[in-house]
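Student: To be precise about what I am sending: the file is called my_file_29.txt and holds compact mmCIF, C-alpha atoms.
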```txt
# COMPACT_ATOMS: atom_id res chain seq x y z
CA MET N 278 80.47 -24.03 55.99
CA ASN N 279 83.55 -23.29 58.11
CA GLU N 280 87.11 -24.34 57.32
CA SER N 281 87.26 -27.17 59.89
CA THR N 282 84.17 -28.80 58.39
CA ILE N 283 85.66 -28.59 54.89
CA TYR N 284 88.82 -30.35 56.02
CA LYS N 285 86.75 -33.10 57.65
CA ILE N 286 84.69 -33.91 54.57
CA LEU N 287 87.44 -33.30 51.98
CA PRO N 288 89.13 -36.72 52.46
CA VAL N 289 85.79 -38.49 52.09
CA LEU N 290 84.94 -36.56 48.93
CA LEU N 291 88.34 -37.18 47.34
CA CYS N 292 88.23 -40.90 48.08
CA ALA N 293 84.68 -41.10 46.74
CA LEU N 294 85.73 -39.29 43.56
CA SER N 295 88.50 -41.83 42.96
CA ILE N 296 85.95 -44.43 41.88
CA PRO N 297 84.20 -42.47 39.08
CA LEU N 298 87.53 -40.91 38.08
CA SER N 299 89.19 -44.31 37.74
CA MET N 300 86.23 -45.59 35.69
CA PHE N 301 86.44 -42.52 33.44
CA MET N 302 90.17 -43.11 32.87
CA TRP N 303 89.54 -46.80 32.17
CA ILE N 304 86.86 -46.02 29.58
CA GLY N 305 89.17 -43.47 27.97
CA ASN N 306 91.96 -46.04 27.86
CA ILE N 307 89.67 -48.56 26.13
CA ALA N 308 88.57 -45.97 23.56
CA TYR N 309 92.17 -45.01 22.83
CA SER N 310 93.24 -48.64 22.46
CA LYS N 311 90.45 -49.35 19.98
CA LEU N 312 91.31 -46.30 17.92
CA ALA N 313 95.06 -46.94 18.02
CA SER N 314 95.03 -50.68 17.35
CA ASP N 315 93.08 -53.88 17.75
CA ASN N 316 95.41 -55.11 20.49
CA GLN N 317 93.48 -55.05 23.75
CA ASP N 318 96.53 -56.00 25.83
CA ASN N 319 97.19 -52.28 26.27
CA VAL N 320 93.91 -51.73 28.13
CA ILE N 321 94.60 -50.97 31.79
CA PRO N 322 92.00 -52.77 33.97
CA PRO N 323 89.62 -50.68 36.12
CA THR N 324 91.02 -52.17 39.34
CA ARG N 325 94.45 -50.81 38.49
CA TRP N 326 93.02 -47.40 37.69
CA LEU N 327 91.20 -47.42 41.03
CA PHE N 328 94.28 -48.42 43.02
CA SER N 329 96.48 -45.97 41.12
CA ILE N 330 94.17 -43.08 41.93
CA LEU N 331 93.00 -44.02 45.43
CA MET N 332 96.46 -44.74 46.90
CA PRO N 333 98.04 -41.47 45.66
CA ILE N 334 95.04 -39.56 47.04
CA LEU N 335 95.55 -41.20 50.44
CA LEU N 336 99.27 -40.37 50.31
CA MET N 337 98.45 -36.77 49.41
CA LEU N 338 95.98 -36.43 52.27
CA TYR N 339 98.49 -37.93 54.70
CA GLY N 340 101.17 -35.51 53.51
CA LEU N 341 98.86 -32.53 53.94
CA LYS N 342 97.74 -33.67 57.37
CA ARG N 343 101.31 -34.26 58.57
CA LYS N 344 102.41 -30.97 56.97
CA GLY N 345 104.93 -32.77 54.79
CA VAL N 346 103.80 -30.93 51.64
CA ASN N 347 101.96 -27.72 50.84
CA LYS N 348 99.04 -27.48 48.43
CA SER N 349 101.16 -27.02 45.31
CA GLY N 350 103.44 -29.89 46.32
CA ALA N 351 100.47 -32.13 47.07
CA ALA N 352 98.81 -31.41 43.70
CA LEU N 353 101.94 -32.09 41.65
CA GLY N 354 102.89 -35.03 43.86
CA LEU N 355 99.46 -36.55 43.26
CA LEU N 356 99.96 -36.38 39.49
CA CYS N 357 103.43 -37.94 39.75
CA ALA N 358 102.18 -40.70 42.05
CA ILE N 359 99.33 -41.62 39.67
CA ILE N 360 101.71 -41.89 36.71
CA LEU N 361 104.21 -43.94 38.72
CA SER N 362 101.55 -46.30 40.07
CA ILE N 363 99.86 -46.92 36.73
CA SER N 364 103.24 -47.73 35.18
CA SER N 365 104.38 -50.08 37.95
CA HIS N 366 103.42 -50.39 41.61
CA ALA N 367 107.14 -50.85 42.33
CA PHE N 368 107.67 -47.22 41.28
CA LEU N 369 104.95 -46.04 43.66
CA ALA N 370 106.56 -48.07 46.45
CA CYS N 371 109.84 -46.22 45.83
CA LEU N 372 108.05 -42.86 45.97
CA ALA N 373 106.23 -43.77 49.19
CA THR N 374 109.43 -45.00 50.83
CA PHE N 375 111.24 -41.81 49.88
CA PHE N 376 108.41 -39.59 51.11
CA PHE N 377 107.94 -41.25 54.49
CA SER N 378 111.60 -41.87 55.31
CA SER N 379 112.88 -38.48 54.15
CA SER N 380 110.13 -36.68 56.06
CA ARG N 381 111.14 -38.48 59.24
CA ALA N 382 114.81 -37.76 58.56
CA THR N 383 114.09 -34.04 58.14
CA LYS N 384 112.41 -33.86 61.54
CA PHE N 385 115.16 -35.85 63.30
CA ARG N 386 116.92 -33.61 65.86
CA SER N 387 115.54 -30.53 64.17
CA HIS N 388 116.59 -28.35 67.12
CA MET N 389 120.25 -29.00 66.25
CA LYS N 390 119.81 -28.24 62.55
CA ARG N 391 118.08 -24.96 63.30
CA LYS N 392 121.28 -23.70 64.93
CA ILE N 393 123.52 -24.34 61.91
CA GLU N 394 121.28 -23.82 58.84
CA GLU N 395 119.86 -20.41 57.97
CA ASP N 396 116.79 -21.65 56.05
CA PHE N 397 116.01 -24.77 58.08
CA LYS N 398 112.30 -25.10 58.86
CA GLY N 399 112.22 -28.53 60.45
CA GLY N 400 108.76 -29.86 61.18
CA GLU N 401 107.23 -26.70 59.69
CA GLY N 402 108.92 -27.14 56.32
CA ARG N 403 106.59 -28.40 53.61
CA ARG N 404 107.70 -29.65 50.22
CA ASN N 405 106.44 -27.40 47.43
CA TRP N 406 105.99 -28.08 43.73
CA ALA N 407 109.62 -27.22 42.95
CA GLN N 408 110.91 -29.77 45.44
CA VAL N 409 108.55 -32.39 44.05
CA ILE N 410 109.89 -31.81 40.54
CA CYS N 411 113.51 -31.98 41.72
CA ASN N 412 113.02 -35.19 43.68
CA ALA N 413 110.40 -37.04 41.60
CA GLY N 414 110.48 -35.32 38.21
CA MET N 415 113.14 -37.52 36.58
CA ALA N 416 111.52 -40.71 37.87
CA THR N 417 108.11 -39.60 36.60
CA GLN N 418 109.48 -38.86 33.12
CA LEU N 419 111.08 -42.30 32.95
CA ALA N 420 107.81 -43.84 34.18
CA LEU N 421 105.98 -42.19 31.29
CA LEU N 422 108.53 -43.67 28.88
CA TYR N 423 108.05 -47.04 30.57
CA LEU N 424 104.27 -46.79 30.14
CA LEU N 425 104.48 -45.73 26.50
CA ASP N 426 107.25 -48.11 25.46
CA CYS N 427 106.67 -51.21 27.61
CA GLY N 428 103.07 -50.85 28.77
CA TYR N 429 101.82 -51.03 32.33
CA GLY N 430 102.63 -53.71 34.88
CA GLU N 431 105.32 -55.01 37.19
CA ARG N 432 108.22 -56.82 35.52
CA PRO N 433 111.34 -58.49 36.88
CA ILE N 434 114.77 -57.04 36.16
CA ASP N 435 116.11 -59.08 33.25
CA PHE N 436 118.47 -57.25 30.93
CA GLY N 437 118.59 -60.24 28.60
CA GLN N 438 114.89 -60.73 27.91
CA LEU N 439 113.38 -57.46 29.14
CA TYR N 440 116.08 -54.92 28.39
CA ARG N 441 113.98 -51.76 28.00
CA SER N 442 111.72 -52.27 31.02
CA SER N 443 114.74 -53.33 33.12
CA TRP N 444 116.77 -50.27 32.08
CA LEU N 445 113.90 -47.90 32.85
CA GLY N 446 113.02 -49.71 36.09
CA VAL N 447 116.57 -49.46 37.44
CA GLY N 448 116.71 -45.82 36.31
CA ILE N 449 113.53 -44.91 38.19
CA MET N 450 114.65 -46.77 41.30
CA SER N 451 118.05 -45.05 41.12
CA ALA N 452 116.51 -41.58 40.83
CA PHE N 453 114.59 -42.13 44.06
CA ALA N 454 117.60 -43.80 45.71
CA CYS N 455 119.69 -40.73 44.86
CA SER N 456 117.12 -38.37 46.39
CA ASN N 457 116.66 -40.52 49.48
CA GLY N 458 120.37 -41.14 49.99
CA ASP N 459 121.19 -37.45 49.70
CA THR N 460 118.35 -36.51 52.07
CA TRP N 461 119.47 -39.05 54.66
CA ALA N 462 123.07 -37.86 54.35
CA SER N 463 122.07 -34.20 54.74
CA GLU N 464 119.49 -34.63 57.49
CA LEU N 465 120.99 -37.51 59.50
CA GLY N 466 124.71 -37.27 58.79
CA THR N 467 124.77 -33.62 59.86
CA VAL N 468 123.58 -34.36 63.39
CA LEU N 469 124.98 -37.89 63.89
CA SER N 470 128.60 -37.04 63.04
CA LYS N 471 130.66 -35.98 66.03
CA GLY N 472 133.08 -33.78 64.09
CA ASP N 473 132.80 -31.28 61.26
CA PRO N 474 132.59 -32.67 57.72
CA PHE N 475 135.26 -32.19 55.07
CA LEU N 476 134.75 -30.59 51.67
CA ILE N 477 134.65 -33.35 49.07
CA THR N 478 136.76 -31.40 46.56
CA SER N 479 139.56 -30.25 48.86
CA ARG N 480 139.23 -32.45 51.97
CA LYS N 481 139.50 -29.42 54.23
CA ARG N 482 137.26 -29.24 57.30
CA VAL N 483 134.18 -27.07 56.88
CA PRO N 484 131.24 -26.13 59.15
CA ARG N 485 128.27 -28.51 59.33
CA GLY N 486 125.64 -27.73 56.71
CA THR N 487 128.18 -26.61 54.09
CA ASN N 488 127.21 -27.61 50.55
CA GLY N 489 129.58 -30.34 49.44
CA GLY N 490 130.59 -31.26 52.97
CA VAL N 491 130.73 -35.02 53.59
CA SER N 492 131.49 -37.31 56.51
CA PHE N 493 131.91 -41.03 56.98
CA ILE N 494 128.57 -41.24 58.78
CA GLY N 495 126.92 -39.25 56.01
CA LEU N 496 128.24 -41.58 53.31
CA VAL N 497 127.06 -44.63 55.28
CA VAL N 498 123.53 -43.30 55.77
CA SER N 499 123.34 -42.28 52.09
CA PHE N 500 124.02 -45.92 51.21
CA LEU N 501 121.36 -47.03 53.72
CA GLY N 502 118.88 -44.52 52.28
CA GLY N 503 119.36 -45.96 48.81
CA LEU N 504 119.18 -49.46 50.26
CA ALA N 505 115.70 -48.70 51.63
CA ILE N 506 114.51 -47.70 48.15
CA GLY N 507 116.03 -50.82 46.59
CA LEU N 508 114.38 -52.99 49.24
CA SER N 509 110.93 -51.50 48.58
CA TYR N 510 111.38 -52.12 44.84
CA TYR N 511 112.50 -55.70 45.43
CA LEU N 512 109.62 -56.55 47.80
CA THR N 513 107.04 -55.15 45.38
CA ILE N 514 108.45 -57.18 42.49
CA ARG N 515 108.74 -60.25 44.71
CA TYR N 516 105.07 -60.20 45.69
CA THR N 517 103.40 -58.83 42.54
CA VAL N 518 105.14 -60.67 39.71
CA ASP N 519 103.98 -64.22 38.98
CA SER N 520 106.23 -66.82 40.62
CA LYS N 521 106.56 -68.72 37.32
CA ILE N 522 107.97 -65.64 35.65
CA LEU N 523 110.35 -65.02 38.55
CA SER N 524 111.57 -68.62 38.43
CA HIS N 525 112.78 -68.08 34.86
CA SER N 526 114.33 -64.67 35.62
CA PRO N 527 117.70 -63.71 37.12
CA ASN N 528 117.96 -63.15 40.87
CA GLN N 529 116.09 -60.01 41.84
CA TRP N 530 117.73 -59.28 45.19
CA PRO N 531 120.71 -57.42 43.58
CA ILE N 532 118.31 -54.51 43.05
CA ILE N 533 118.64 -53.89 46.81
CA VAL N 534 122.42 -53.61 46.50
CA PHE N 535 122.22 -51.35 43.47
CA GLY N 536 119.74 -49.19 45.35
CA GLY N 537 122.36 -48.68 48.05
CA VAL N 538 125.02 -47.93 45.44
CA ALA N 539 122.70 -45.43 43.74
CA GLY N 540 122.10 -43.70 47.07
CA LEU N 541 125.85 -43.42 47.71
CA VAL N 542 126.72 -42.37 44.15
CA GLY N 543 123.89 -39.84 44.05
CA SER N 544 125.01 -38.32 47.35
CA ILE N 545 128.62 -38.02 46.10
CA VAL N 546 127.50 -36.44 42.81
CA ASP N 547 125.31 -34.02 44.76
CA SER N 548 128.24 -33.12 47.03
CA VAL N 549 130.65 -32.51 44.14
CA ILE N 550 128.17 -30.22 42.37
CA GLY N 551 127.28 -28.50 45.64
CA ALA N 552 130.92 -27.86 46.50
CA THR N 553 131.66 -26.25 43.13
CA LEU N 554 128.50 -24.69 41.69
CA GLN N 555 126.65 -23.78 44.89
CA TYR N 556 127.75 -20.95 47.18
CA SER N 557 128.40 -21.60 50.87
CA GLY N 558 129.29 -19.01 53.47
CA ILE N 559 128.94 -18.51 57.20
CA ASP N 560 127.28 -15.44 58.70
CA ALA N 561 127.98 -13.59 61.92
CA SER N 562 125.63 -15.85 63.89
CA GLY N 563 127.50 -18.99 62.77
CA LYS N 564 124.83 -20.26 60.36
CA VAL N 565 125.63 -21.55 56.88
CA VAL N 566 124.11 -19.36 54.13
CA GLU N 567 123.87 -19.81 50.35
CA ARG N 568 124.43 -16.22 49.25
CA PRO N 569 127.20 -13.67 49.82
CA GLY N 570 126.51 -10.61 51.89
CA LYS N 571 127.72 -8.34 54.66
CA ASP N 572 129.56 -10.16 57.45
CA VAL N 573 129.38 -13.43 55.47
CA ARG N 574 132.64 -15.36 55.33
CA TYR N 575 133.19 -17.35 52.13
CA ILE N 576 133.59 -21.13 52.47
CA SER N 577 133.26 -22.69 49.01
CA GLY N 578 131.57 -22.74 45.62
CA VAL N 579 130.18 -20.12 43.26
CA ARG N 580 126.61 -18.92 43.16
CA ILE N 581 125.32 -20.64 40.01
CA LEU N 582 122.89 -23.30 41.24
CA ASP N 583 120.57 -23.53 44.24
CA ASN N 584 119.82 -26.62 46.28
CA HIS N 585 116.80 -27.61 44.16
CA SER N 586 118.82 -27.47 40.94
CA VAL N 587 121.62 -29.55 42.45
CA ASN N 588 119.13 -32.20 43.58
CA LEU N 589 117.53 -32.39 40.13
CA ILE N 590 120.84 -32.65 38.26
CA SER N 591 122.08 -35.33 40.68
CA SER N 592 118.96 -37.45 40.22
CA ILE N 593 119.23 -37.16 36.42
CA ILE N 594 122.89 -38.21 36.39
CA THR N 595 122.29 -41.12 38.77
CA ALA N 596 119.21 -42.32 36.88
CA LEU N 597 121.12 -42.38 33.60
CA LEU N 598 124.29 -43.90 35.03
CA MET N 599 123.05 -46.73 37.24
CA PRO N 600 121.20 -48.86 34.62
CA THR N 601 124.46 -49.26 32.70
CA VAL N 602 126.33 -50.14 35.89
CA ALA N 603 123.65 -52.64 36.92
CA MET N 604 123.64 -54.25 33.48
CA GLN N 605 127.41 -54.81 33.63
CA PHE N 606 127.53 -56.27 37.14
CA TRP N 607 124.12 -57.92 37.67
CA ASN N 608 125.22 -61.44 36.73
CA MET N 609 128.05 -61.32 39.25
CA PHE N 610 125.56 -61.85 42.07
```
Taking this structure as input, can you express it in the form of C-alpha cells?
Tutor:
Amino acid sequence: MNESTIYKILPVLLCALSIPLSMFMWIGNIAYSKLASDNQDNVIPPTRWLFSILMPILLMLYGLKRKGVNKSGAALGLLCAIILSISSHAFLACLATFFFSSSRATKFRSHMKRKIEEDFKGGEGRRNWAQVICNAGMATQLALLYLLDCGYGERPIDFGQLYRSSWLGVGIMSAFACSNGDTWASELGTVLSKGDPFLITSRKRVPRGTNGGVSFIGLVVSFLGGLAIGLSYYLTIRYTVDSKILSHSPNQWPIIVFGGVAGLVGSIVDSVIGATLQYSGIDASGKVVERPGKDVRYISGVRILDNHSVNLISSIITALLMPTVAMQFWNMF
C-alpha cells in the first residue's frame, strides 16, 4: 500500500474509530461513577463522547491537510481538544477559533514577513507539540479542573451562583484570547503598520519583528483577536445553555468584551516579557534574530526565554488575572 492510498483511507478509519472509542470511554465513565459514588449525574452521555472525539479528529485532519500542524502537534492538539470539548463545547469553540484565525493571520502577507524575520516559515510553518502546549496547555489544565470540580457541560457565567465554573470558564477563554490576540498583533500588526513599532519598555523606535515592539495597529488587532475568542464563547453559551437558565442568569454578552480585554492585556504582557527577557538583534541582512552572534547588532532584552516560553507565561498570567477582573466589573454592564 503506497503513501497516497494511506492518506486517503486514514480520515475514514479515524472517523470510524471515533464511534467505538467514544462508546469505550462512555462505558469507562459509567464504571468509574458507580465505583466512586451512587450519583449518576456525573456520567457523560455517549453522544457527548462521540461529538468530543469526532470533532477533534476532524480538526486534526484539517490541520494536517492544510499543513497547520505537524504530526506531534496534531497528536497533542487532539488530546487537548478532546479534554476541552468534554468539559464544555464553549472551550472547544475557543480552540477552533484560535486555530483557524491564527493560521490565516500567519499566512497573511507572508512574503513581507519573510524579509524581516529570520525564522519565519509562513505557509510552510507547522505548529509542533511545543507550540500546542504554549498556546493551549494552560487552557487544557483549567479545563481538567473544570471537569473534575464542576463536572461536564456548558454553564452561563454567573459569579454569584456558579462561582467556580464561571472563574474557570473566564480563565480558559482568557488564555485563548491572550494567544489569539498576541498572534494577531504579531502577524497582522507587523505588516499593516506603516511605520516601525516602538519598544514597549523604552518607547524608542525598533525594527519590525523586534520582541516587545508594539504599534497602535498591533494593539487594536490584539483586542480584535481576543474579541473573536470572546464572541465564539458567547455564541456557544447562547445556543447550548437552556433558555430558562439563561433568563435567570446575568447578561452573557460581557464575555465578548472581556475576551477583547484579555487579548489586549495578554499582548501587552507578552510584549513586556519579550522586551526584557527575550533577546532581539538585527543581522547584516536586516533580519531580526533572537540570539547574539557575529555581525548582529543588539536591540533589546537578554537571552533568558524563547518565544514559546514567553507565550506560555503570558497565557498563564492572563488566565489567572482576567477572572478576577471580570468578577469585579461584570455587573457594570
Student: Got a sec: who's within 12 Å of Cys371 of chain N, counting all atoms listed in the file, leaving out chain neighbours fewer than 5 positions off, as a PyMOL selection string?
Tutor: chain N and resi 358+361-362+365-366+376-379+412-413+416-417+446-457+502-514+533+536
Student: Figure out the distance between atom CA of Ala370 of chain N and atom CA of His525 of chain N, please, to one decimal in Å.
Tutor: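 That distance, rounded to one decimal, is 23.9 Å.
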Student: To test the calculation: enclose all listed atoms of segment 449-457 of chain N in a box whose edges run along x, y and z, add 8 Å on each side, then state centre and edge lengths in Å to one decimal, as lines of an AutoDock Vina configuration file.
Tutor:
```
center_x = 116.6
center_y = -42.6
center_z = 43.8
size_x = 22.2
size_y = 24.4
size_z = 27.3
```
Student: So that I can check the surroundings of segment 484-493 of chain N, please list as a VMD selection string every protein, DNA and RNA residue that reaches within 7 Å of it, counting all atoms listed in the file and ignoring chain neighbours fewer than 2 positions away.
Tutor: chain N and resid 393 to 394 467 473 to 477 495 to 497 548 to 549 551 to 552 555 557 565
Student: Hey, what's within 8 Å of Thr601 of chain N if we count only C-alpha atoms and toss same-chain stuff fewer than 4 positions away? As JSON, numbers by chain, please?
Tutor: {"N": [444, 597, 605]}
Student: Mind giving me the straight-line distance from atom CA of Leu419 of chain N to atom CA of Leu554 of chain N in Å, one decimal?
Tutor: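 We find that atom CA of Leu419 of chain N and atom CA of Leu554 of chain N lie 26.3 Å from each other.
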Student: Which is closer to Met415 of chain N than all the others in N:Ser591, N:Ser499, N:Ser329, N:Gln438, using all atoms listed in the file?
Tutor: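 Checking each candidate against Met415 of chain N, we get N:Ser591 as the closest.
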Student: Got a sec: who's within 10 Å of Leu355 of chain N, counting all atoms listed in the file, leaving out chain neighbours fewer than 4 positions off, as a list in words?
Tutor: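 So the residues in contact are Ile330, Met332, Pro333, Ile334, Leu335, Leu336, Met337, Leu338, Ser349, Gly350, Ala351, Ile359, Ile360 and Leu361 of chain N.
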Student: With distances taken over only C-alpha atoms, which of N:Arg325, N:Arg515, N:Arg432, N:Arg580 is nearest to Arg568 of chain N?
Tutor: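 Looking only at the distances to Arg568 of chain N, the closest residue turns out to be N:Arg580.
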Student: Quick one: pull the distance between atom CA of Ile590 of chain N and atom CA of Ser577 of chain N, Å, one decimal.
Tutor: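 A separation of 19.2 Å between them.
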Student: Which residue out of N:Glu567, N:Glu431, N:Glu464, N:Asp426 has the minimum interatomic distance to Leu582 of chain N when all atoms listed in the file are used?
Tutor: N:Glu567
Student: Restricting the calculation to all atoms listed in the file, which member of N:Ser586, N:Thr383, N:Ser592, N:Ser479 is positioned closest to Leu465 of chain N?
Tutor: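 Closest candidate: N:Thr383.
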Student: Just checking: using all atoms listed in the file, which residue out of N:Thr478, N:Thr553, N:Thr517, N:Asn608 ends up closest to Trp530 of chain N?
Tutor: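 Using all atoms listed in the file, the shortest distance to Trp530 of chain N belongs to N:Asn608.
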Student: Nearest residue to Ile494 of chain N out of N:Leu541, N:Tyr516, N:Ser526, N:Arg574, using all atoms listed in the file?
Tutor: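 Nearest to Ile494 of chain N: N:Leu541.
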Student: Give as a PDB file with C-alpha atoms, in the coordinates of the input the set of residues within 10 Å of the point (119.2, -53.0, 33.4), where distances use the file's coordinates and all atoms listed in the file.
Tutor:
```
ATOM      1  CA  ILE N 434     114.770 -57.040  36.160  1.00  0.00           C
ATOM      2  CA  ASP N 435     116.110 -59.080  33.250  1.00  0.00           C
ATOM      3  CA  PHE N 436     118.470 -57.250  30.930  1.00  0.00           C
ATOM      4  CA  GLY N 437     118.590 -60.240  28.600  1.00  0.00           C
ATOM      5  CA  LEU N 439     113.380 -57.460  29.140  1.00  0.00           C
ATOM      6  CA  TYR N 440     116.080 -54.920  28.390  1.00  0.00           C
ATOM      7  CA  ARG N 441     113.980 -51.760  28.000  1.00  0.00           C
ATOM      8  CA  SER N 442     111.720 -52.270  31.020  1.00  0.00           C
ATOM      9  CA  SER N 443     114.740 -53.330  33.120  1.00  0.00           C
ATOM     10  CA  TRP N 444     116.770 -50.270  32.080  1.00  0.00           C
ATOM     11  CA  LEU N 445     113.900 -47.900  32.850  1.00  0.00           C
ATOM     12  CA  GLY N 446     113.020 -49.710  36.090  1.00  0.00           C
ATOM     13  CA  VAL N 447     116.570 -49.460  37.440  1.00  0.00           C
ATOM     14  CA  GLY N 448     116.710 -45.820  36.310  1.00  0.00           C
ATOM     15  CA  ILE N 532     118.310 -54.510  43.050  1.00  0.00           C
ATOM     16  CA  MET N 599     123.050 -46.730  37.240  1.00  0.00           C
ATOM     17  CA  PRO N 600     121.200 -48.860  34.620  1.00  0.00           C
ATOM     18  CA  THR N 601     124.460 -49.260  32.700  1.00  0.00           C
ATOM     19  CA  VAL N 602     126.330 -50.140  35.890  1.00  0.00           C
ATOM     20  CA  ALA N 603     123.650 -52.640  36.920  1.00  0.00           C
ATOM     21  CA  MET N 604     123.640 -54.250  33.480  1.00  0.00           C
ATOM     22  CA  GLN N 605     127.410 -54.810  33.630  1.00  0.00           C
ATOM     23  CA  PHE N 606     127.530 -56.270  37.140  1.00  0.00           C
ATOM     24  CA  TRP N 607     124.120 -57.920  37.670  1.00  0.00           C
TER      25      TRP N 607
END
```
Student: With all heavy atoms retained, output segment 470-477 of chain N as a PDB file, in the first residue's frame.
Tutor:
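And here's result-v6.pdb as it stands now:
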```pdb
ATOM      1  N   SER N 470       1.010  47.960   9.896  1.00  0.00           N
ATOM      2  CA  SER N 470       1.523  49.254  10.355  1.00  0.00           C
ATOM      3  C   SER N 470       2.423  49.871   9.284  1.00  0.00           C
ATOM      4  O   SER N 470       3.250  49.178   8.680  1.00  0.00           O
ATOM      5  CB  SER N 470       2.310  49.084  11.654  1.00  0.00           C
ATOM      6  OG  SER N 470       1.482  48.556  12.669  1.00  0.00           O
ATOM      7  N   LYS N 471       2.286  51.152   9.098  1.00  0.00           N
ATOM      8  CA  LYS N 471       3.086  51.844   8.086  1.00  0.00           C
ATOM      9  C   LYS N 471       4.487  52.166   8.584  1.00  0.00           C
ATOM     10  O   LYS N 471       5.442  52.183   7.808  1.00  0.00           O
ATOM     11  CB  LYS N 471       2.374  53.127   7.668  1.00  0.00           C
ATOM     12  CG  LYS N 471       1.051  52.880   6.944  1.00  0.00           C
ATOM     13  CD  LYS N 471       0.415  54.183   6.497  1.00  0.00           C
ATOM     14  CE  LYS N 471      -0.893  53.919   5.753  1.00  0.00           C
ATOM     15  NZ  LYS N 471      -1.537  55.178   5.297  1.00  0.00           N
ATOM     16  N   GLY N 472       4.627  52.446   9.880  1.00  0.00           N
ATOM     17  CA  GLY N 472       5.935  52.768  10.429  1.00  0.00           C
ATOM     18  C   GLY N 472       6.480  51.671  11.309  1.00  0.00           C
ATOM     19  O   GLY N 472       5.822  50.657  11.568  1.00  0.00           O
ATOM     20  N   ASP N 473       7.695  51.854  11.785  1.00  0.00           N
ATOM     21  CA  ASP N 473       8.301  50.881  12.699  1.00  0.00           C
ATOM     22  C   ASP N 473       7.628  50.960  14.065  1.00  0.00           C
ATOM     23  O   ASP N 473       7.190  52.032  14.488  1.00  0.00           O
ATOM     24  CB  ASP N 473       9.797  51.166  12.856  1.00  0.00           C
ATOM     25  CG  ASP N 473      10.583  50.809  11.611  1.00  0.00           C
ATOM     26  OD1 ASP N 473      10.141  49.919  10.870  1.00  0.00           O
ATOM     27  OD2 ASP N 473      11.641  51.439  11.382  1.00  0.00           O
ATOM     28  N   PRO N 474       7.574  49.848  14.780  1.00  0.00           N
ATOM     29  CA  PRO N 474       6.975  49.856  16.126  1.00  0.00           C
ATOM     30  C   PRO N 474       7.916  50.521  17.130  1.00  0.00           C
ATOM     31  O   PRO N 474       9.076  50.813  16.813  1.00  0.00           O
ATOM     32  CB  PRO N 474       6.794  48.370  16.428  1.00  0.00           C
ATOM     33  CG  PRO N 474       7.891  47.710  15.661  1.00  0.00           C
ATOM     34  CD  PRO N 474       8.043  48.506  14.390  1.00  0.00           C
ATOM     35  N   PHE N 475       7.426  50.730  18.344  1.00  0.00           N
ATOM     36  CA  PHE N 475       8.275  51.228  19.414  1.00  0.00           C
ATOM     37  C   PHE N 475       8.366  50.178  20.512  1.00  0.00           C
ATOM     38  O   PHE N 475       7.438  49.397  20.725  1.00  0.00           O
ATOM     39  CB  PHE N 475       7.767  52.564  19.972  1.00  0.00           C
ATOM     40  CG  PHE N 475       6.397  52.512  20.575  1.00  0.00           C
ATOM     41  CD1 PHE N 475       6.215  52.184  21.908  1.00  0.00           C
ATOM     42  CD2 PHE N 475       5.271  52.797  19.806  1.00  0.00           C
ATOM     43  CE1 PHE N 475       4.944  52.133  22.469  1.00  0.00           C
ATOM     44  CE2 PHE N 475       4.000  52.748  20.357  1.00  0.00           C
ATOM     45  CZ  PHE N 475       3.842  52.422  21.693  1.00  0.00           C
ATOM     46  N   LEU N 476       9.510  50.150  21.190  1.00  0.00           N
ATOM     47  CA  LEU N 476       9.719  49.183  22.255  1.00  0.00           C
ATOM     48  C   LEU N 476       8.855  49.572  23.444  1.00  0.00           C
ATOM     49  O   LEU N 476       8.883  50.716  23.897  1.00  0.00           O
ATOM     50  CB  LEU N 476      11.194  49.147  22.655  1.00  0.00           C
ATOM     51  CG  LEU N 476      11.656  47.934  23.454  1.00  0.00           C
ATOM     52  CD1 LEU N 476      11.563  46.673  22.609  1.00  0.00           C
ATOM     53  CD2 LEU N 476      13.095  48.134  23.935  1.00  0.00           C
ATOM     54  N   ILE N 477       8.092  48.628  23.963  1.00  0.00           N
ATOM     55  CA  ILE N 477       7.100  48.938  24.995  1.00  0.00           C
ATOM     56  C   ILE N 477       7.735  49.429  26.292  1.00  0.00           C
ATOM     57  O   ILE N 477       7.110  50.171  27.053  1.00  0.00           O
ATOM     58  CB  ILE N 477       6.199  47.708  25.262  1.00  0.00           C
ATOM     59  CG1 ILE N 477       4.960  48.122  26.061  1.00  0.00           C
ATOM     60  CG2 ILE N 477       6.983  46.601  25.973  1.00  0.00           C
ATOM     61  CD1 ILE N 477       3.906  47.056  26.140  1.00  0.00           C
TER      62      ILE N 477
END
```
